[in-house]
Amino acid sequence: MSAFDTGRYRSVFAEIGKSETEIRQKIQDAVHTFFYGSEEERIYHPVGDDMGYLEDTGNHDARTEGMSYGMMMCVQLDMKEEFDRIWKWSKTYMYMDEGENEGYFAWSCQTDGKKNAHGPAPDGEEYYAMALFFASHRWGDGEGIFEYAREARAILRACVHKGEKGRPGQPMWNRENKQILFVPGSEFTDPSYHLPHFYELFALWADEEDRAFWKQAAEASRAYLAKACHPVTGMNPEYGEFDGSPMKKKMPWGESHGSFYSDAYRTAANIGLDCLWFGVDCGQYQAPLRLMRFLGTDLEGARCVYETDGTALDRTVLHPLGLLATTAQGALTVPKEDSDDPQSDWNVAKRWVEWLWSQPLRRGGRRYYDNCLYLFALLALSGNYRIIMDGRRE
């Protein structure tokens, strides 16, 4: 039975022998460093009396990816002040209220709020909407931009209906195959954007006319992920064709992004969380374990970039902690079992979770992406990344 049905969330950390005190301290230390550590450690920056942003420390900007991630972390951790600050910064500087992308958020801004681009990235919108619904349920709706549920529904309305009824722009989902797009109007997708566990909840809380669409999107995404993850390696591409194959066309900057690289790492984590929350397996739940087995019984296999069939490329992993964290979060698809065989499914998954537990947060200029994925993995593997309904963290 899924957590949605039972309200119970497994703690894989507890299953590998960590005490509640150890787990709680691990999370508290990571959260403090992430939000309030030294300048060399933290990601979050308060601004004035009522705003704040998360910095992509490798690119020195604020991105809807990180801002919406920060809001999801905050609502899970009951950090309302930080949530509201991040949301107000997003609405003040990133939201676009006119033009082709009216109703969306600019995917990148300078840390003073100036937009670097006027295009959106759909993973930001879906995380914003989910975090806002959870905030509405956890803290209740306020006024203006803090009427969280109304704001969430407006984002999803734009995602589905732009281009209809005289609205300018293009939707973030392909309305025919129900797959999320890499950017509005694109003819391909990003497997790590597919979050069927979010769409199941949008099907409950979005505008009533769109609830059937979101239910279909959840089904479409699970079927897509089963095709996009390689049947031997478990790897998926960064960008993919709608049929699940790796992206072949090169982007304007010269890359096809059809390999297993930075964006792609998130897919195993997303599959793990979907398994925890809803447990609807369309063949995708075997992918994280295949990935763990392919990368090996030590971390040597997680140091280079691969084609999805496992062909090694002469490129070094840019986000090693992110890869470790997301792969370990995929252990949520593997049931605990008693076995003396070191190559049993559970013992393989357990080894990845133990490796993650032993790792500190990343330091240095590239810490943003890795540490976001690390913190999400800590929450998910401790049973603290939850569906928030009716004022409760179910």
# chains A, B, ... in the order shown; residues from 1 in each chain; ligands from 1
$ select_by_dssp --residues "stretch 217-377 of chain A" --states "helix (DSSP H, G or I)" --output "PyMOL selection string"
chain A and resi 217-228+262-277+284-295+299-302+320-333+345-357+367-377
$ residues_around --residues "A:Arg175" --least-positions-apart "6" --cutoff "10 Å" --atoms "only C-alpha atoms" --output "ChimeraX atom specification"
/A:160-161,213,217
$ residues_around --residues "A:Ala349" --least-positions-apart "5" --cutoff "10 Å" --atoms "only C-alpha atoms" --output "list in words"
Val12, Pro288, Leu289, Met292, Arg293, Thr327, Ala328, Gln329, Gly330, Ala331, Leu332, Thr333, Val334, Pro335, Lys336, Gln343, Ser344 and Glu354 of chain A
$ residues_around --residues "A:Tyr69" --least-positions-apart "2" --cutoff "9 Å" --atoms "only C-alpha atoms" --output "mmCIF file with all heavy atoms, in the first residue's frame"
data_model
loop_
_atom_site.group_PDB
_atom_site.id
_atom_site.type_symbol
_atom_site.label_atom_id
_atom_site.label_comp_id
_atom_site.auth_asym_id
_atom_site.auth_seq_id
_atom_site.Cartn_x
_atom_site.Cartn_y
_atom_site.Cartn_z
ATOM 1 N N THR A 64 14.546 29.255 -11.370
ATOM 2 C CA THR A 64 13.264 28.746 -10.891
ATOM 3 C C THR A 64 13.404 27.327 -10.365
ATOM 4 O O THR A 64 12.680 26.925 -9.454
ATOM 5 C CB THR A 64 12.196 28.792 -11.993
ATOM 6 O OG1 THR A 64 12.689 28.140 -13.173
ATOM 7 C CG2 THR A 64 11.837 30.224 -12.334
ATOM 8 N N GLU A 65 14.338 26.572 -10.909
ATOM 9 C CA GLU A 65 14.628 25.236 -10.393
ATOM 10 C C GLU A 65 14.930 25.316 -8.896
ATOM 11 O O GLU A 65 14.285 24.676 -8.069
ATOM 12 C CB GLU A 65 15.822 24.666 -11.144
ATOM 13 C CG GLU A 65 16.417 23.381 -10.592
ATOM 14 C CD GLU A 65 17.767 23.093 -11.217
ATOM 15 O OE1 GLU A 65 18.740 23.803 -10.892
ATOM 16 O OE2 GLU A 65 17.830 22.161 -12.043
ATOM 17 N N GLY A 66 15.949 26.108 -8.531
ATOM 18 C CA GLY A 66 16.369 26.204 -7.139
ATOM 19 C C GLY A 66 15.366 26.906 -6.251
ATOM 20 O O GLY A 66 15.171 26.526 -5.090
ATOM 21 N N MET A 67 14.708 27.941 -6.782
ATOM 22 C CA MET A 67 13.730 28.678 -5.977
ATOM 23 C C MET A 67 12.547 27.781 -5.607
ATOM 24 O O MET A 67 12.103 27.741 -4.457
ATOM 25 C CB MET A 67 13.253 29.908 -6.748
ATOM 26 C CG MET A 67 14.348 30.909 -7.063
ATOM 27 S SD MET A 67 15.001 31.743 -5.598
ATOM 28 C CE MET A 67 13.761 33.016 -5.385
ATOM 29 N N MET A 71 11.351 26.222 -1.911
ATOM 30 C CA MET A 71 10.006 26.283 -1.348
ATOM 31 C C MET A 71 9.513 24.899 -0.940
ATOM 32 O O MET A 71 8.887 24.741 0.112
ATOM 33 C CB MET A 71 9.056 26.936 -2.350
ATOM 34 C CG MET A 71 9.284 28.446 -2.471
ATOM 35 S SD MET A 71 8.432 29.198 -3.881
ATOM 36 C CE MET A 71 6.728 28.746 -3.581
ATOM 37 N N MET A 72 9.823 23.882 -1.751
ATOM 38 C CA MET A 72 9.410 22.527 -1.380
ATOM 39 C C MET A 72 10.113 22.080 -0.101
ATOM 40 O O MET A 72 9.492 21.485 0.794
ATOM 41 C CB MET A 72 9.696 21.557 -2.521
ATOM 42 C CG MET A 72 9.299 20.111 -2.216
ATOM 43 S SD MET A 72 7.524 19.902 -1.869
ATOM 44 C CE MET A 72 6.884 19.967 -3.543
ATOM 45 N N MET A 73 11.403 22.361 0.007
ATOM 46 C CA MET A 73 12.116 22.025 1.236
ATOM 47 C C MET A 73 11.479 22.719 2.432
ATOM 48 O O MET A 73 11.262 22.105 3.485
ATOM 49 C CB MET A 73 13.583 22.454 1.116
ATOM 50 C CG MET A 73 14.391 21.698 0.085
ATOM 51 S SD MET A 73 15.994 22.516 -0.176
ATOM 52 C CE MET A 73 16.587 21.635 -1.610
ATOM 53 N N CYS A 74 11.187 24.003 2.280
ATOM 54 C CA CYS A 74 10.667 24.784 3.401
ATOM 55 C C CYS A 74 9.299 24.298 3.865
ATOM 56 O O CYS A 74 9.036 24.228 5.064
ATOM 57 C CB CYS A 74 10.603 26.264 3.026
ATOM 58 S SG CYS A 74 12.217 27.064 2.910
ATOM 59 N N GLY A 124 10.462 24.239 -12.946
ATOM 60 C CA GLY A 124 10.209 25.247 -11.923
ATOM 61 C C GLY A 124 8.730 25.417 -11.652
ATOM 62 O O GLY A 124 8.284 25.435 -10.498
ATOM 63 N N TYR A 127 7.184 22.462 -9.637
ATOM 64 C CA TYR A 127 7.566 22.489 -8.226
ATOM 65 C C TYR A 127 6.924 23.656 -7.495
ATOM 66 O O TYR A 127 6.507 23.519 -6.333
ATOM 67 C CB TYR A 127 9.089 22.544 -8.072
ATOM 68 C CG TYR A 127 9.720 21.180 -7.910
ATOM 69 C CD1 TYR A 127 10.136 20.446 -9.015
ATOM 70 C CD2 TYR A 127 9.894 20.617 -6.653
ATOM 71 C CE1 TYR A 127 10.712 19.190 -8.872
ATOM 72 C CE2 TYR A 127 10.471 19.365 -6.495
ATOM 73 C CZ TYR A 127 10.873 18.654 -7.613
ATOM 74 O OH TYR A 127 11.437 17.418 -7.453
ATOM 75 N N TYR A 128 6.847 24.825 -8.137
ATOM 76 C CA TYR A 128 6.151 25.947 -7.516
ATOM 77 C C TYR A 128 4.715 25.545 -7.157
ATOM 78 O O TYR A 128 4.247 25.768 -6.037
ATOM 79 C CB TYR A 128 6.089 27.137 -8.478
ATOM 80 C CG TYR A 128 7.279 28.055 -8.504
ATOM 81 C CD1 TYR A 128 7.814 28.478 -9.726
ATOM 82 C CD2 TYR A 128 7.857 28.545 -7.334
ATOM 83 C CE1 TYR A 128 8.902 29.340 -9.781
ATOM 84 C CE2 TYR A 128 8.942 29.419 -7.382
ATOM 85 C CZ TYR A 128 9.457 29.814 -8.601
ATOM 86 O OH TYR A 128 10.523 30.674 -8.660
ATOM 87 N N ALA A 131 4.528 22.923 -4.271
ATOM 88 C CA ALA A 131 4.891 23.520 -2.985
ATOM 89 C C ALA A 131 3.796 24.460 -2.489
ATOM 90 O O ALA A 131 3.500 24.510 -1.282
ATOM 91 C CB ALA A 131 6.214 24.268 -3.121
ATOM 92 N N CYS A 372 21.130 20.545 -3.217
ATOM 93 C CA CYS A 372 19.664 20.469 -3.328
ATOM 94 C C CYS A 372 19.219 19.006 -3.409
ATOM 95 O O CYS A 372 18.301 18.579 -2.689
ATOM 96 C CB CYS A 372 19.188 21.221 -4.567
ATOM 97 S SG CYS A 372 19.158 23.015 -4.429
ATOM 98 N N PHE A 376 17.032 16.778 -0.549
ATOM 99 C CA PHE A 376 15.817 16.043 -0.898
ATOM 100 C C PHE A 376 15.965 14.557 -0.565
ATOM 101 O O PHE A 376 15.030 13.923 -0.068
ATOM 102 C CB PHE A 376 15.495 16.200 -2.382
ATOM 103 C CG PHE A 376 14.739 17.448 -2.735
ATOM 104 C CD1 PHE A 376 15.035 18.144 -3.890
ATOM 105 C CD2 PHE A 376 13.722 17.930 -1.927
ATOM 106 C CE1 PHE A 376 14.321 19.292 -4.242
ATOM 107 C CE2 PHE A 376 13.005 19.072 -2.256
ATOM 108 C CZ PHE A 376 13.315 19.758 -3.425
#
$ residues_around --residues "A:Pro196" --least-positions-apart "3" --cutoff "6 Å" --atoms "only C-alpha atoms" --output "mmCIF file with C-alpha atoms, in the first residue's frame"
data_model
loop_
_atom_site.group_PDB
_atom_site.id
_atom_site.type_symbol
_atom_site.label_atom_id
_atom_site.label_comp_id
_atom_site.auth_asym_id
_atom_site.auth_seq_id
_atom_site.Cartn_x
_atom_site.Cartn_y
_atom_site.Cartn_z
ATOM 1 C CA TYR A 199 0.301 15.066 -11.249
ATOM 2 C CA ALA A 218 0.456 10.876 -14.447
ATOM 3 C CA SER A 221 4.654 9.962 -17.458
#
$ closest_residue --among "A:Phe146, A:Phe294, A:Phe242, A:Phe133" --to "A:Ile86" --atoms "only C-alpha atoms"
A:Phe146
$ decode --residues "stretch 24-57 of chain A" --atoms "N, CA, C and O atoms" --output "mmCIF file, in the first residue's frame"
data_model
loop_
_atom_site.group_PDB
_atom_site.id
_atom_site.type_symbol
_atom_site.label_atom_id
_atom_site.label_comp_id
_atom_site.auth_asym_id
_atom_site.auth_seq_id
_atom_site.Cartn_x
_atom_site.Cartn_y
_atom_site.Cartn_z
ATOM 1 N N ARG A 24 17.472 12.616 12.819
ATOM 2 C CA ARG A 24 17.021 13.986 13.066
ATOM 3 C C ARG A 24 18.196 14.962 13.064
ATOM 4 O O ARG A 24 18.140 16.038 12.463
ATOM 5 N N GLN A 25 19.303 14.567 13.691
ATOM 6 C CA GLN A 25 20.475 15.437 13.752
ATOM 7 C C GLN A 25 21.095 15.619 12.366
ATOM 8 O O GLN A 25 21.530 16.723 12.012
ATOM 9 N N LYS A 26 21.130 14.540 11.588
ATOM 10 C CA LYS A 26 21.675 14.604 10.232
ATOM 11 C C LYS A 26 20.914 15.640 9.396
ATOM 12 O O LYS A 26 21.521 16.467 8.699
ATOM 13 N N ILE A 27 19.595 15.593 9.484
ATOM 14 C CA ILE A 27 18.775 16.520 8.711
ATOM 15 C C ILE A 27 18.933 17.940 9.240
ATOM 16 O O ILE A 27 19.103 18.892 8.461
ATOM 17 N N GLN A 28 18.887 18.120 10.542
ATOM 18 C CA GLN A 28 19.012 19.458 11.120
ATOM 19 C C GLN A 28 20.339 20.108 10.734
ATOM 20 O O GLN A 28 20.377 21.295 10.386
ATOM 21 N N ASP A 29 21.415 19.355 10.800
ATOM 22 C CA ASP A 29 22.722 19.900 10.452
ATOM 23 C C ASP A 29 22.770 20.312 8.983
ATOM 24 O O ASP A 29 23.305 21.380 8.632
ATOM 25 N N ALA A 30 22.226 19.465 8.105
ATOM 26 C CA ALA A 30 22.244 19.771 6.675
ATOM 27 C C ALA A 30 21.389 20.994 6.363
ATOM 28 O O ALA A 30 21.795 21.866 5.581
ATOM 29 N N VAL A 31 20.217 21.079 6.979
ATOM 30 C CA VAL A 31 19.318 22.215 6.744
ATOM 31 C C VAL A 31 19.972 23.512 7.222
ATOM 32 O O VAL A 31 19.935 24.546 6.532
ATOM 33 N N HIS A 32 20.581 23.482 8.407
ATOM 34 C CA HIS A 32 21.232 24.688 8.925
ATOM 35 C C HIS A 32 22.349 25.148 7.997
ATOM 36 O O HIS A 32 22.461 26.343 7.680
ATOM 37 N N THR A 33 23.175 24.204 7.530
ATOM 38 C CA THR A 33 24.266 24.565 6.634
ATOM 39 C C THR A 33 23.728 25.108 5.319
ATOM 40 O O THR A 33 24.215 26.120 4.797
ATOM 41 N N PHE A 34 22.719 24.461 4.766
ATOM 42 C CA PHE A 34 22.143 24.831 3.478
ATOM 43 C C PHE A 34 21.541 26.233 3.517
ATOM 44 O O PHE A 34 21.734 27.042 2.603
ATOM 45 N N PHE A 35 20.820 26.536 4.588
ATOM 46 C CA PHE A 35 20.124 27.823 4.667
ATOM 47 C C PHE A 35 20.919 28.895 5.405
ATOM 48 O O PHE A 35 20.836 30.072 5.044
ATOM 49 N N TYR A 36 21.667 28.522 6.432
ATOM 50 C CA TYR A 36 22.260 29.536 7.301
ATOM 51 C C TYR A 36 23.733 29.283 7.624
ATOM 52 O O TYR A 36 24.246 29.824 8.597
ATOM 53 N N GLY A 37 24.418 28.491 6.807
ATOM 54 C CA GLY A 37 25.841 28.266 7.011
ATOM 55 C C GLY A 37 26.664 29.475 6.603
ATOM 56 O O GLY A 37 26.144 30.567 6.318
ATOM 57 N N SER A 38 27.960 29.298 6.545
ATOM 58 C CA SER A 38 28.864 30.376 6.141
ATOM 59 C C SER A 38 28.649 30.712 4.665
ATOM 60 O O SER A 38 27.939 30.004 3.941
ATOM 61 N N GLU A 39 29.280 31.775 4.214
ATOM 62 C CA GLU A 39 29.164 32.167 2.813
ATOM 63 C C GLU A 39 29.679 31.079 1.879
ATOM 64 O O GLU A 39 29.245 30.986 0.736
ATOM 65 N N GLU A 40 30.591 30.266 2.350
ATOM 66 C CA GLU A 40 31.135 29.182 1.535
ATOM 67 C C GLU A 40 30.267 27.929 1.570
ATOM 68 O O GLU A 40 30.530 26.965 0.853
ATOM 69 N N GLU A 41 29.230 27.946 2.410
ATOM 70 C CA GLU A 41 28.395 26.753 2.579
ATOM 71 C C GLU A 41 26.958 26.964 2.130
ATOM 72 O O GLU A 41 26.376 26.089 1.480
ATOM 73 N N ARG A 42 26.374 28.084 2.478
ATOM 74 C CA ARG A 42 24.928 28.233 2.291
ATOM 75 C C ARG A 42 24.545 28.474 0.837
ATOM 76 O O ARG A 42 25.356 28.878 0.018
ATOM 77 N N ILE A 43 23.274 28.215 0.557
ATOM 78 C CA ILE A 43 22.680 28.442 -0.756
ATOM 79 C C ILE A 43 21.660 29.582 -0.675
ATOM 80 O O ILE A 43 21.476 30.332 -1.611
ATOM 81 N N TYR A 44 21.015 29.696 0.470
ATOM 82 C CA TYR A 44 19.915 30.638 0.684
ATOM 83 C C TYR A 44 20.438 31.983 1.175
ATOM 84 O O TYR A 44 21.334 32.039 2.023
ATOM 85 N N HIS A 45 19.838 33.066 0.646
ATOM 86 C CA HIS A 45 20.245 34.423 1.030
ATOM 87 C C HIS A 45 18.996 35.266 1.302
ATOM 88 O O HIS A 45 18.240 35.564 0.365
ATOM 89 N N PRO A 46 18.737 35.665 2.548
ATOM 90 C CA PRO A 46 17.638 36.590 2.820
ATOM 91 C C PRO A 46 17.911 37.944 2.169
ATOM 92 O O PRO A 46 19.062 38.371 2.052
ATOM 93 N N VAL A 47 16.832 38.614 1.762
ATOM 94 C CA VAL A 47 16.936 39.946 1.160
ATOM 95 C C VAL A 47 15.940 40.860 1.848
ATOM 96 O O VAL A 47 14.721 40.612 1.798
ATOM 97 N N GLY A 48 16.441 41.895 2.508
ATOM 98 C CA GLY A 48 15.559 42.834 3.173
ATOM 99 C C GLY A 48 14.725 42.174 4.248
ATOM 100 O O GLY A 48 15.135 41.198 4.881
ATOM 101 N N ASP A 49 13.525 42.708 4.436
ATOM 102 C CA ASP A 49 12.656 42.240 5.513
ATOM 103 C C ASP A 49 11.787 41.055 5.128
ATOM 104 O O ASP A 49 11.274 40.356 6.002
ATOM 105 N N ASP A 50 11.600 40.818 3.817
ATOM 106 C CA ASP A 50 10.575 39.836 3.465
ATOM 107 C C ASP A 50 10.849 39.044 2.194
ATOM 108 O O ASP A 50 9.944 38.424 1.642
ATOM 109 N N MET A 51 12.086 39.044 1.704
ATOM 110 C CA MET A 51 12.387 38.256 0.511
ATOM 111 C C MET A 51 13.683 37.479 0.697
ATOM 112 O O MET A 51 14.447 37.719 1.631
ATOM 113 N N GLY A 52 13.917 36.531 -0.201
ATOM 114 C CA GLY A 52 15.134 35.729 -0.179
ATOM 115 C C GLY A 52 15.237 34.910 -1.451
ATOM 116 O O GLY A 52 14.248 34.693 -2.146
ATOM 117 N N TYR A 53 16.449 34.478 -1.767
ATOM 118 C CA TYR A 53 16.650 33.671 -2.965
ATOM 119 C C TYR A 53 17.660 32.577 -2.696
ATOM 120 O O TYR A 53 18.442 32.642 -1.735
ATOM 121 N N LEU A 54 17.617 31.542 -3.543
ATOM 122 C CA LEU A 54 18.632 30.500 -3.542
ATOM 123 C C LEU A 54 19.547 30.750 -4.728
ATOM 124 O O LEU A 54 19.068 30.971 -5.851
ATOM 125 N N GLU A 55 20.847 30.695 -4.498
ATOM 126 C CA GLU A 55 21.807 30.983 -5.555
ATOM 127 C C GLU A 55 22.340 29.700 -6.178
ATOM 128 O O GLU A 55 22.737 28.777 -5.478
ATOM 129 N N ASP A 56 22.343 29.665 -7.509
ATOM 130 C CA ASP A 56 23.113 28.645 -8.207
ATOM 131 C C ASP A 56 24.564 29.100 -8.114
ATOM 132 O O ASP A 56 25.002 30.001 -8.838
ATOM 133 N N THR A 57 25.300 28.478 -7.216
ATOM 134 C CA THR A 57 26.643 28.940 -6.902
ATOM 135 C C THR A 57 27.647 28.674 -8.017
ATOM 136 O O THR A 57 28.742 29.237 -8.011
#
